[in-house]
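Peer 1: Contents of query_15.tsv (TSV, C-alpha atoms) are given next:
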chain	number	residue	atom	x	y	z
L	23	MET	CA	5.98	25.24	20.95
L	24	THR	CA	6.88	21.89	19.46
L	25	HIS	CA	6.83	21.92	15.67
L	26	PRO	CA	3.78	19.96	14.39
L	27	LEU	CA	5.98	17.76	12.18
L	28	ARG	CA	8.18	16.91	15.14
L	29	LYS	CA	5.10	15.92	17.15
L	30	HIS	CA	3.98	13.76	14.22
L	31	ILE	CA	7.37	12.05	13.76
L	32	GLU	CA	7.73	11.49	17.49
L	33	GLU	CA	4.57	9.39	17.50
L	34	VAL	CA	6.85	6.79	15.89
L	35	ILE	CA	10.44	7.61	16.90
L	36	SER	CA	12.01	10.17	19.24
L	37	LEU	CA	14.39	12.84	17.95
L	38	THR	CA	16.88	15.14	19.64
L	39	ASP	CA	16.61	18.88	18.90
L	40	GLU	CA	19.66	18.56	16.71
L	41	GLU	CA	18.17	15.66	14.77
L	42	PHE	CA	14.87	17.45	14.22
L	43	ASN	CA	16.68	20.55	12.97
L	44	PHE	CA	18.56	18.36	10.52
L	45	VAL	CA	15.30	16.72	9.36
L	46	ILE	CA	13.32	19.95	8.96
L	47	GLY	CA	16.20	21.42	6.95
L	48	HIS	CA	15.25	18.98	4.17
L	49	PHE	CA	11.68	20.34	3.87
L	50	GLU	CA	10.14	23.39	2.23
L	51	HIS	CA	6.97	25.17	3.26
L	52	ILE	CA	4.23	26.02	0.78
L	53	LYS	CA	0.71	27.49	0.81
L	54	LYS	CA	-1.89	26.54	-1.77
L	55	ARG	CA	-5.33	28.00	-2.34
L	56	LYS	CA	-8.51	25.98	-2.80
L	57	HIS	CA	-8.62	24.36	-6.29
L	58	GLN	CA	-4.84	24.63	-6.79
L	59	TYR	CA	-2.94	21.49	-7.75
L	60	ILE	CA	0.08	19.91	-6.13
L	61	VAL	CA	0.21	16.95	-8.55
L	62	GLN	CA	-1.06	16.81	-12.11
L	63	GLU	CA	-1.71	13.61	-14.03
L	64	GLY	CA	1.07	12.95	-16.54
L	65	GLU	CA	3.89	14.72	-14.68
L	66	ILE	CA	6.77	13.03	-12.92
L	67	VAL	CA	6.23	13.75	-9.26
L	68	ASN	CA	9.27	14.90	-7.33
L	69	LYS	CA	7.75	15.80	-3.96
L	70	GLU	CA	6.03	14.11	-1.06
L	71	TYR	CA	3.75	16.43	0.92
L	72	TRP	CA	2.80	16.52	4.57
L	73	ILE	CA	-0.40	18.41	5.36
L	74	ILE	CA	-0.03	20.98	8.15
L	75	LYS	CA	-3.49	22.38	7.53
L	76	GLY	CA	-6.15	21.88	4.90
L	77	CYS	CA	-7.86	19.17	2.91
L	78	LEU	CA	-6.85	17.63	-0.42
L	79	LYS	CA	-8.02	14.91	-2.76
L	80	SER	CA	-6.16	12.44	-4.95
L	81	TYR	CA	-8.17	11.46	-8.02
L	82	PHE	CA	-8.24	10.50	-11.66
L	83	VAL	CA	-10.63	11.13	-14.51
L	84	ASP	CA	-11.80	8.13	-16.54
L	85	THR	CA	-12.30	8.04	-20.32
L	86	THR	CA	-15.93	9.17	-19.95
L	87	GLY	CA	-14.80	12.26	-18.02
L	88	LYS	CA	-16.01	10.96	-14.67
L	89	GLU	CA	-13.87	11.82	-11.63
L	90	HIS	CA	-12.96	9.01	-9.21
L	91	ILE	CA	-11.47	9.92	-5.84
L	92	LEU	CA	-8.75	7.58	-4.64
L	93	GLN	CA	-8.08	9.16	-1.24
L	94	PHE	CA	-8.63	12.28	0.80
L	95	GLY	CA	-5.88	13.89	2.84
L	96	MET	CA	-6.16	16.11	5.89
L	97	GLU	CA	-3.97	17.39	8.75
L	98	ASN	CA	-1.01	15.10	9.57
L	99	TRP	CA	-1.36	12.98	6.42
L	100	TRP	CA	1.33	12.38	3.83
L	101	ILE	CA	0.19	12.67	0.24
L	102	THR	CA	1.64	12.33	-3.25
L	103	ASP	CA	1.31	9.96	-6.22
L	104	TYR	CA	3.49	7.20	-4.77
L	105	GLU	CA	3.94	5.28	-7.99
L	106	SER	CA	5.26	8.35	-9.76
L	107	PHE	CA	7.32	9.49	-6.75
L	108	VAL	CA	8.94	6.09	-6.10
L	109	LYS	CA	9.45	4.91	-9.68
L	110	GLN	CA	9.86	8.38	-11.24
L	111	THR	CA	7.23	7.55	-13.86
L	112	LYS	CA	4.29	9.67	-15.06
L	113	SER	CA	1.60	10.22	-12.47
L	114	LYS	CA	-1.74	8.47	-13.06
L	115	THR	CA	-3.49	10.69	-10.53
L	116	SER	CA	-3.92	14.38	-9.79
L	117	ILE	CA	-4.01	15.95	-6.34
L	118	ASP	CA	-5.65	19.28	-5.60
L	119	CYS	CA	-6.80	21.33	-2.66
L	120	ILE	CA	-10.40	21.17	-1.45
L	121	GLU	CA	-9.58	23.98	1.03
L	122	ASP	CA	-6.80	26.55	1.30
L	123	SER	CA	-3.92	24.38	2.50
L	124	GLU	CA	-0.56	24.73	4.17
L	125	LEU	CA	1.95	22.02	3.39
L	126	LEU	CA	5.50	20.89	3.93
L	127	TYR	CA	7.21	19.00	1.15
L	128	ILE	CA	10.39	17.05	0.69
L	129	SER	CA	11.98	16.38	-2.68
L	130	TYR	CA	12.76	12.87	-3.90
L	131	GLU	CA	16.50	13.55	-3.62
L	132	ASN	CA	16.26	15.00	-0.10
L	133	ARG	CA	14.08	12.14	1.10
L	134	ASP	CA	16.48	9.61	-0.31
L	135	LYS	CA	19.49	11.40	1.23
L	136	LEU	CA	17.77	11.83	4.59
L	137	THR	CA	16.65	8.20	4.87
L	138	ALA	CA	20.07	6.94	3.74
L	139	GLN	CA	21.82	9.06	6.36
L	140	MET	CA	19.40	8.65	9.19
L	141	HIS	CA	18.08	5.23	10.16
L	142	LYS	CA	15.42	6.78	12.39
L	143	MET	CA	13.79	8.56	9.45
L	144	GLU	CA	13.97	5.42	7.31
L	145	ARG	CA	12.15	3.65	10.13
L	146	PHE	CA	9.60	6.44	10.47
L	147	TRP	CA	8.69	6.42	6.76
L	148	ALA	CA	8.74	2.63	6.61
L	149	LYS	CA	6.05	2.70	9.30
L	150	LYS	CA	4.04	5.35	7.43
L	151	SER	CA	4.34	3.38	4.21
L	152	LYS	CA	3.01	0.26	5.95
L	153	ILE	CA	0.04	2.24	7.26
L	154	GLY	CA	-0.64	3.66	3.79
L	155	ARG	CA	-0.55	0.16	2.38
L	156	ILE	CA	-3.03	-1.09	5.00
L	157	SER	CA	-5.39	1.75	4.21
L	158	LEU	CA	-5.27	0.84	0.50
L	159	GLN	CA	-5.81	-2.85	1.28
L	160	ASN	CA	-8.92	-1.94	3.24
L	161	ARG	CA	-10.16	0.22	0.39
L	162	ILE	CA	-9.85	-2.79	-1.95
L	163	LEU	CA	-11.59	-5.15	0.48
L	164	SER	CA	-14.33	-2.59	0.80
L	165	LEU	CA	-14.69	-2.13	-2.97
L	166	LEU	CA	-14.88	-5.90	-3.50
L	167	LYS	CA	-17.05	-6.78	-0.57
L	168	ASN	CA	-19.22	-3.98	0.71
L	169	SER	CA	-22.43	-2.42	-0.48
L	170	THR	CA	-22.46	1.32	-1.18
L	171	LYS	CA	-24.17	1.89	2.16
L	172	GLU	CA	-21.43	-0.04	3.97
L	173	ARG	CA	-18.73	1.87	2.11
L	174	TYR	CA	-20.43	5.12	3.08
L	175	ASP	CA	-20.42	4.08	6.74
L	176	LEU	CA	-16.75	3.03	6.55
L	177	LEU	CA	-15.79	6.39	5.07
L	178	LEU	CA	-17.69	8.15	7.83
L	179	GLU	CA	-15.85	6.04	10.38
L	180	GLN	CA	-12.43	6.61	8.75
L	181	TYR	CA	-12.78	10.34	8.20
L	182	PRO	CA	-15.52	11.56	10.57
L	183	LYS	CA	-14.70	15.24	9.99
L	184	LEU	CA	-14.71	14.92	6.23
L	185	PHE	CA	-18.47	15.11	5.89
L	186	GLN	CA	-18.50	18.67	7.25
L	187	ARG	CA	-15.57	19.73	5.11
L	188	VAL	CA	-16.18	18.49	1.58
L	189	PRO	CA	-19.05	18.81	-0.88
L	190	LYS	CA	-21.45	15.87	-1.23
L	191	LYS	CA	-20.42	15.36	-4.86
L	192	MET	CA	-16.90	14.43	-3.70
L	193	ILE	CA	-18.22	11.88	-1.24
L	194	ALA	CA	-20.15	10.43	-4.19
L	195	ALA	CA	-16.99	10.43	-6.37
L	196	TYR	CA	-15.12	8.53	-3.65
L	197	LEU	CA	-17.90	5.95	-3.30
L	198	GLY	CA	-18.37	5.69	-7.06
L	199	VAL	CA	-22.08	6.56	-6.99
L	200	SER	CA	-24.23	9.39	-8.28
L	201	ARG	CA	-25.24	12.27	-6.00
L	202	GLU	CA	-28.81	10.99	-6.15
L	203	THR	CA	-27.80	7.57	-4.81
L	204	LEU	CA	-25.77	9.31	-2.12
L	205	SER	CA	-28.78	11.36	-1.02
L	206	ARG	CA	-30.80	8.18	-0.59
L	207	LEU	CA	-28.04	6.67	1.63
L	208	ASN	CA	-27.99	9.86	3.59
L	209	SER	CA	-31.64	10.06	4.42
C	15	MET	CA	25.53	-20.78	-5.28
C	16	THR	CA	24.13	-17.48	-4.01
C	17	HIS	CA	21.14	-17.95	-1.73
C	18	PRO	CA	17.94	-16.88	-3.57
C	19	LEU	CA	16.97	-14.51	-0.75
C	20	ARG	CA	20.39	-12.86	-0.92
C	21	LYS	CA	19.96	-12.36	-4.67
C	22	HIS	CA	16.54	-10.85	-4.00
C	23	ILE	CA	17.75	-8.48	-1.25
C	24	GLU	CA	20.77	-7.45	-3.30
C	25	GLU	CA	18.49	-6.12	-6.03
C	26	VAL	CA	17.95	-3.25	-3.55
C	27	ILE	CA	20.99	-3.14	-1.24
C	28	SER	CA	24.30	-5.02	-1.14
C	29	LEU	CA	25.27	-7.22	1.80
C	30	THR	CA	28.55	-8.71	2.97
C	31	ASP	CA	28.65	-12.49	3.64
C	32	GLU	CA	28.62	-11.74	7.34
C	33	GLU	CA	25.58	-9.47	7.02
C	34	PHE	CA	23.64	-12.00	4.97
C	35	ASN	CA	24.40	-14.75	7.49
C	36	PHE	CA	23.07	-12.48	10.20
C	37	VAL	CA	19.92	-11.75	8.18
C	38	ILE	CA	19.16	-15.36	7.23
C	39	GLY	CA	19.58	-16.36	10.88
C	40	HIS	CA	16.31	-14.52	11.54
C	41	PHE	CA	14.32	-16.67	9.08
C	42	GLU	CA	12.83	-20.14	9.20
C	43	HIS	CA	12.19	-22.48	6.29
C	44	ILE	CA	8.85	-24.19	5.71
C	45	LYS	CA	7.17	-26.38	3.09
C	46	LYS	CA	3.43	-26.34	2.52
C	47	ARG	CA	1.32	-28.56	0.31
C	48	LYS	CA	-1.34	-27.38	-2.13
C	49	HIS	CA	-4.49	-26.21	-0.26
C	50	GLN	CA	-2.64	-25.68	3.05
C	51	TYR	CA	-2.99	-22.33	4.77
C	52	ILE	CA	-0.32	-19.95	5.99
C	53	VAL	CA	-2.81	-17.32	7.24
C	54	GLN	CA	-6.38	-17.88	8.39
C	55	GLU	CA	-8.98	-15.13	8.70
C	56	GLY	CA	-9.48	-14.16	12.34
C	57	GLU	CA	-6.00	-15.04	13.62
C	58	ILE	CA	-3.33	-12.55	14.62
C	59	VAL	CA	-0.60	-12.96	12.04
C	60	ASN	CA	2.91	-13.17	13.39
C	61	LYS	CA	4.88	-14.01	10.25
C	62	GLU	CA	5.80	-12.45	6.95
C	63	TYR	CA	6.56	-14.97	4.21
C	64	TRP	CA	8.89	-14.89	1.25
C	65	ILE	CA	8.10	-17.33	-1.54
C	66	ILE	CA	11.07	-19.43	-2.67
C	67	LYS	CA	8.89	-21.62	-4.86
C	68	GLY	CA	5.18	-22.01	-5.39
C	69	CYS	CA	2.03	-19.99	-5.83
C	70	LEU	CA	-0.36	-18.63	-3.18
C	71	LYS	CA	-3.48	-16.53	-2.98
C	72	SER	CA	-4.66	-13.98	-0.46
C	73	TYR	CA	-8.45	-13.82	-0.28
C	74	PHE	CA	-11.56	-13.31	1.80
C	75	VAL	CA	-15.05	-14.76	1.72
C	76	ASP	CA	-17.98	-12.35	1.70
C	77	THR	CA	-21.25	-12.78	3.61
C	78	THR	CA	-22.80	-14.65	0.67
C	79	GLY	CA	-19.95	-17.18	0.71
C	80	LYS	CA	-18.32	-15.80	-2.42
C	81	GLU	CA	-14.51	-15.84	-2.52
C	82	HIS	CA	-12.70	-12.65	-3.57
C	83	ILE	CA	-8.99	-12.83	-4.36
C	84	LEU	CA	-7.00	-9.82	-3.20
C	85	GLN	CA	-3.60	-10.82	-4.56
C	86	PHE	CA	-1.62	-13.73	-5.92
C	87	GLY	CA	1.93	-14.45	-4.82
C	88	MET	CA	4.67	-16.30	-6.66
C	89	GLU	CA	8.46	-16.75	-6.52
C	90	ASN	CA	10.31	-13.78	-4.94
C	91	TRP	CA	7.15	-12.16	-3.53
C	92	TRP	CA	6.54	-11.27	0.09
C	93	ILE	CA	3.12	-12.20	1.42
C	94	THR	CA	1.14	-11.94	4.64
C	95	ASP	CA	-1.90	-10.06	5.92
C	96	TYR	CA	-0.13	-6.74	6.43
C	97	GLU	CA	-2.82	-5.13	8.55
C	98	SER	CA	-2.77	-8.01	11.00
C	99	PHE	CA	1.03	-8.31	10.90
C	100	VAL	CA	1.73	-4.60	11.40
C	101	LYS	CA	-1.05	-3.73	13.85
C	102	GLN	CA	-1.26	-7.18	15.50
C	103	THR	CA	-5.02	-7.25	14.94
C	104	LYS	CA	-7.19	-10.09	13.60
C	105	SER	CA	-6.58	-10.93	9.96
C	106	LYS	CA	-9.35	-10.04	7.52
C	107	THR	CA	-7.89	-12.30	4.85
C	108	SER	CA	-6.74	-15.89	4.47
C	109	ILE	CA	-3.73	-17.03	2.47
C	110	ASP	CA	-3.36	-20.55	1.10
C	111	CYS	CA	-1.24	-22.46	-1.37
C	112	ILE	CA	-2.41	-22.97	-4.94
C	113	GLU	CA	0.63	-25.22	-5.51
C	114	ASP	CA	3.02	-27.08	-3.20
C	115	SER	CA	5.15	-24.21	-1.91
C	116	GLU	CA	8.47	-23.61	-0.26
C	117	LEU	CA	8.70	-20.52	1.90
C	118	LEU	CA	10.92	-18.59	4.25
C	119	TYR	CA	9.30	-16.67	7.06
C	120	ILE	CA	10.34	-14.14	9.64
C	121	SER	CA	8.46	-13.50	12.87
C	122	TYR	CA	7.16	-10.07	13.83
C	123	GLU	CA	9.71	-9.85	16.68
C	124	ASN	CA	12.64	-10.90	14.51
C	125	ARG	CA	11.71	-8.50	11.74
C	126	ASP	CA	11.41	-5.66	14.22
C	127	LYS	CA	14.73	-6.56	15.83
C	128	LEU	CA	16.48	-6.98	12.49
C	129	THR	CA	15.26	-3.69	11.04
C	130	ALA	CA	16.07	-1.82	14.27
C	131	GLN	CA	19.61	-3.20	14.28
C	132	MET	CA	20.33	-3.04	10.60
C	133	HIS	CA	19.57	0.10	8.63
C	134	LYS	CA	20.14	-1.75	5.34
C	135	MET	CA	17.30	-4.17	6.03
C	136	GLU	CA	15.01	-1.32	7.13
C	137	ARG	CA	15.78	0.30	3.79
C	138	PHE	CA	15.20	-2.93	1.89
C	139	TRP	CA	11.75	-3.53	3.42
C	140	ALA	CA	10.82	0.13	3.14
C	141	LYS	CA	11.40	-0.23	-0.62
C	142	LYS	CA	9.36	-3.45	-0.77
C	143	SER	CA	6.56	-1.83	1.22
C	144	LYS	CA	6.46	1.08	-1.23
C	145	ILE	CA	6.22	-1.34	-4.13
C	146	GLY	CA	3.42	-3.26	-2.40
C	147	ARG	CA	1.59	0.00	-1.87
C	148	ILE	CA	1.93	0.92	-5.54
C	149	SER	CA	0.57	-2.44	-6.60
C	150	LEU	CA	-2.47	-1.94	-4.35
C	151	GLN	CA	-2.99	1.61	-5.66
C	152	ASN	CA	-3.04	0.24	-9.20
C	153	ARG	CA	-5.52	-2.44	-8.20
C	154	ILE	CA	-7.84	0.29	-6.85
C	155	LEU	CA	-7.46	2.45	-9.94
C	156	SER	CA	-8.23	-0.60	-12.02
C	157	LEU	CA	-11.30	-1.55	-9.95
C	158	LEU	CA	-12.66	1.98	-10.19
C	159	LYS	CA	-11.81	2.70	-13.77
C	160	ASN	CA	-11.44	-0.36	-15.95
C	161	SER	CA	-13.87	-2.72	-17.58
C	162	THR	CA	-13.61	-6.42	-16.77
C	163	LYS	CA	-11.85	-6.97	-20.09
C	164	GLU	CA	-9.28	-4.29	-19.25
C	165	ARG	CA	-8.76	-5.76	-15.79
C	166	TYR	CA	-8.25	-9.17	-17.36
C	167	ASP	CA	-5.60	-7.74	-19.69
C	168	LEU	CA	-3.86	-5.94	-16.81
C	169	LEU	CA	-3.73	-9.14	-14.77
C	170	LEU	CA	-2.25	-10.95	-17.76
C	171	GLU	CA	0.35	-8.20	-18.10
C	172	GLN	CA	1.16	-8.17	-14.36
C	173	TYR	CA	1.35	-11.94	-13.87
C	174	PRO	CA	1.90	-13.46	-17.33
C	175	LYS	CA	2.75	-16.92	-15.94
C	176	LEU	CA	-0.28	-17.03	-13.70
C	177	PHE	CA	-2.66	-18.09	-16.43
C	178	GLN	CA	-0.81	-21.39	-16.89
C	179	ARG	CA	-0.57	-22.00	-13.16
C	180	VAL	CA	-3.97	-21.33	-11.62
C	181	PRO	CA	-7.51	-22.57	-12.35
C	182	LYS	CA	-9.81	-20.29	-14.34
C	183	LYS	CA	-12.20	-19.97	-11.39
C	184	MET	CA	-9.44	-18.15	-9.43
C	185	ILE	CA	-8.84	-15.71	-12.25
C	186	ALA	CA	-12.60	-15.07	-12.12
C	187	ALA	CA	-12.48	-14.60	-8.31
C	188	TYR	CA	-9.70	-12.04	-8.72
C	189	LEU	CA	-11.59	-10.14	-11.39
C	190	GLY	CA	-14.88	-10.41	-9.50
C	191	VAL	CA	-16.77	-12.06	-12.37
C	192	SER	CA	-18.40	-15.42	-12.97
C	193	ARG	CA	-16.55	-18.18	-14.83
C	194	GLU	CA	-19.03	-17.75	-17.69
C	195	THR	CA	-18.15	-14.07	-18.06
C	196	LEU	CA	-14.47	-15.00	-17.93
C	197	SER	CA	-14.90	-17.55	-20.74
C	198	ARG	CA	-16.45	-14.87	-22.91
C	199	LEU	CA	-13.45	-12.55	-22.27
C	200	ASN	CA	-11.14	-15.37	-23.08
C	201	SER	CA	-12.57	-16.29	-26.43
Before we go any further, please render this structure as C-alpha cells.
Peer 2:
Amino acid sequence: MTHPLRKHIEEVISLTDEEFNFVIGHFEHIKKRKHQYIVQEGEIVNKEYWIIKGCLKSYFVDTTGKEHILQFGMENWWITDYESFVKQTKSKTSIDCIEDSELLYISYENRDKLTAQMHKMERFWAKKSKIGRISLQNRILSLLKNSTKERYDLLLEQYPKLFQRVPKKMIAAYLGVSRETLSRLNS
Amino acid sequence: MTHPLRKHIEEVISLTDEEFNFVIGHFEHIKKRKHQYIVQEGEIVNKEYWIIKGCLKSYFVDTTGKEHILQFGMENWWITDYESFVKQTKSKTSIDCIEDSELLYISYENRDKLTAQMHKMERFWAKKSKIGRISLQNRILSLLKNSTKERYDLLLEQYPKLFQRVPKKMIAAYLGVSRETLSRLNS
C-alpha cells in the first residue's frame, strides 16, 4: 500500500521509492489523544505537523478569556504556528486535538535540511505554502466582507465534514459569534 | 551599483552574476501612474509584481460599494492576487497605485520555469511566501482580537512610513472604520 504521505506529496510532484524513503526518514510519528496539545501559546515551535488522521484546531484566547479559532485541520492538512516555526519566535496561537489524532511531524532543522538538499520537496512545500496563504486571504476577505450567515455557509462549503465532527461551540468560536446566534443561523 | 532586486534576493540566498542575469532575464519593467491598475477584480492574473518604487493597495469593493483594503505594498514588496495567480482563477481583488510606481513583473509561465530550473529561486520565493502567510495570519488575529485602536497602532508599527504617504480615508478602509472614527483615534 502506498504510504498516505507519499500519495499526498505526489499530488504535487512525483517521487521515486528511494526519494520517498529519504523524505520519510526526516519525519516522526506521534499519536495524541483528544484535548492534548501539539502547540502551546508562548513556546517556540519546532515542528510542522501533517495530519494522518484526526481533527485539530488552531486558536488563541483574547484578554477577556474568549477563544477565537483561526483554522481547523483534518486529514492531509499541514498544521503548526507558522510565524513561530518560520521565525523561531514565541507562538501566538495554541493547537490542540478535537479528536484522537495520528500525526507525522518534521523538525525545523530536518525540514530546512530536506528542502535545501531536495529541490522537489522545496517545490512541494512552496506549493503548500501558497495554498495556505490563499486560504488565509479568503478568511480575511470573508471577515471584512461577509455577514455571519455568509461566513457560516463558506465554512460549510470549505469543510463539509466538519459540522459532523466538532461541537457547535467551536463553529461559533470560528465565526466569532455566540452559540445562540449560531443556532439562529442553523435553523 | 547592485541591482535592487539582486540586493533583495540576496537577503535570502546568494547569486553569482551569471545567475542574477539569468533571473532578471525573466522579468519585465513597467511604470504606472497614480490611480492606474495592475490587477482588476474578475480577471485572471498572470503576473507577480515586485515594487521598485511607489505605493499600491490591494482591495475589494463589497456589495454596498464600500472599499476594503486587504494590504498595502511599498518598496521591496511582492504583490499580486495570489489566489488568481496560483490557481489561475478570477481575481477577487483589485490592485492599484496610490503613487506613481515603478515595478518589475514576472509572468506565471516564467516564474514556474525559473523556479523549476533553479532551486535557489524556488527557495527564495518559498521564503517570501511563508512571510506573506505570516503577515496574513497576523492580520486575521488582529481582526478577531484587537480593538480598532489596537489595529491602528499595529498598522503604524508595521508600515510606519505609510501614514505620511497615503490619504486618511485609505487608513480607514484598511481598518474597516469611518474617517470620523479614525480622526478620534488619531487625536
Peer 1: For range 117-119 of chain L, work out the shell of residues within 7 Å, counting all atoms listed in the file and skipping chain neighbours fewer than 2 positions away, then give it as a list in words.
Peer 2: Arg55, Lys56, His57, Gln58, Tyr59, Ile60, Val61, Gln62, Cys77, Leu78, Lys79, Ser80, Tyr81, Thr115, Glu121, Asp122 and Ser123 of chain L
Peer 1: Go through chain L residue by residue and, counting all atoms listed in the file, keep those with an atom at most 7 Å from chain C; for each kept residue give the shortest atom pair and its distance in Å to one decimal, ordered by chain and increasing number, as CSV.
Peer 2:
residue,atom,partner,partner_atom,distance
L:Asp84,CA,C:Lys159,CA,6.1
L:Tyr104,CA,C:Ile148,CA,6.5
L:Glu105,CA,C:Ile148,CA,5.4
L:His141,CA,C:His133,CA,5.6
L:Glu144,CA,C:Arg137,CA,6.5
L:Arg145,CA,C:Glu136,CA,6.5
L:Ala148,CA,C:Ala140,CA,4.8
L:Ser151,CA,C:Lys144,CA,6.3
L:Lys152,CA,C:Ser143,CA,6.3
L:Arg155,CA,C:Arg147,CA,4.8
L:Ile156,CA,C:Glu97,CA,5.4
L:Leu158,CA,C:Leu150,CA,6.3
L:Gln159,CA,C:Leu150,CA,6.6
L:Ile162,CA,C:Ile154,CA,6.1
L:Lys167,CA,C:Asp76,CA,6.1
Peer 1: Could you work out how far CA of Ile52 in chain L lies from CA of Tyr127 in chain L, giving the answer in Å with one decimal?
Peer 2: 7.6 Å
Peer 1: Grab the CA of Glu194 in chain C to CA of Glu55 in chain C distance for me, in Å with one decimal place.
Peer 2: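 Going from CA of Glu194 in chain C over to CA of Glu55 in chain C covers 28.4 Å.
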Peer 1: In Å, how far is it from CA of Ile58 in chain C to CA of Ser121 in chain C?
Peer 2: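 Atom-to-atom, CA of Ile58 in chain C and CA of Ser121 in chain C are spaced 12.0 Å apart.
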Peer 1: My list of candidates is C:Met135, C:Lys67, C:Lys175, C:Leu168. Which is closest to Phe36 in chain C when distances are computed with all atoms listed in the file?
Peer 2: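 Among the listed residues, C:Met135 lies closest to Phe36 in chain C.
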Peer 1: With 7 Å as the threshold, what does the neighbourhood of (7.0, 10.3, -12.0) contain in terms of residues, counting only C-alpha atoms? Coordinates are those of the file; answer as a ChimeraX atom specification.
Peer 2: /L:65-68,106-107,109-113
Peer 1: What are the centre and edge lengths in Å, to one decimal, of the axis-aligned box around all listed atoms of range 56-68 of chain L with 8 Å added on each side, as lines of an AutoDock Vina configuration file?
Peer 2:
center_x = 0.3
center_y = 19.5
center_z = -9.7
size_x = 33.9
size_y = 29.0
size_z = 29.7
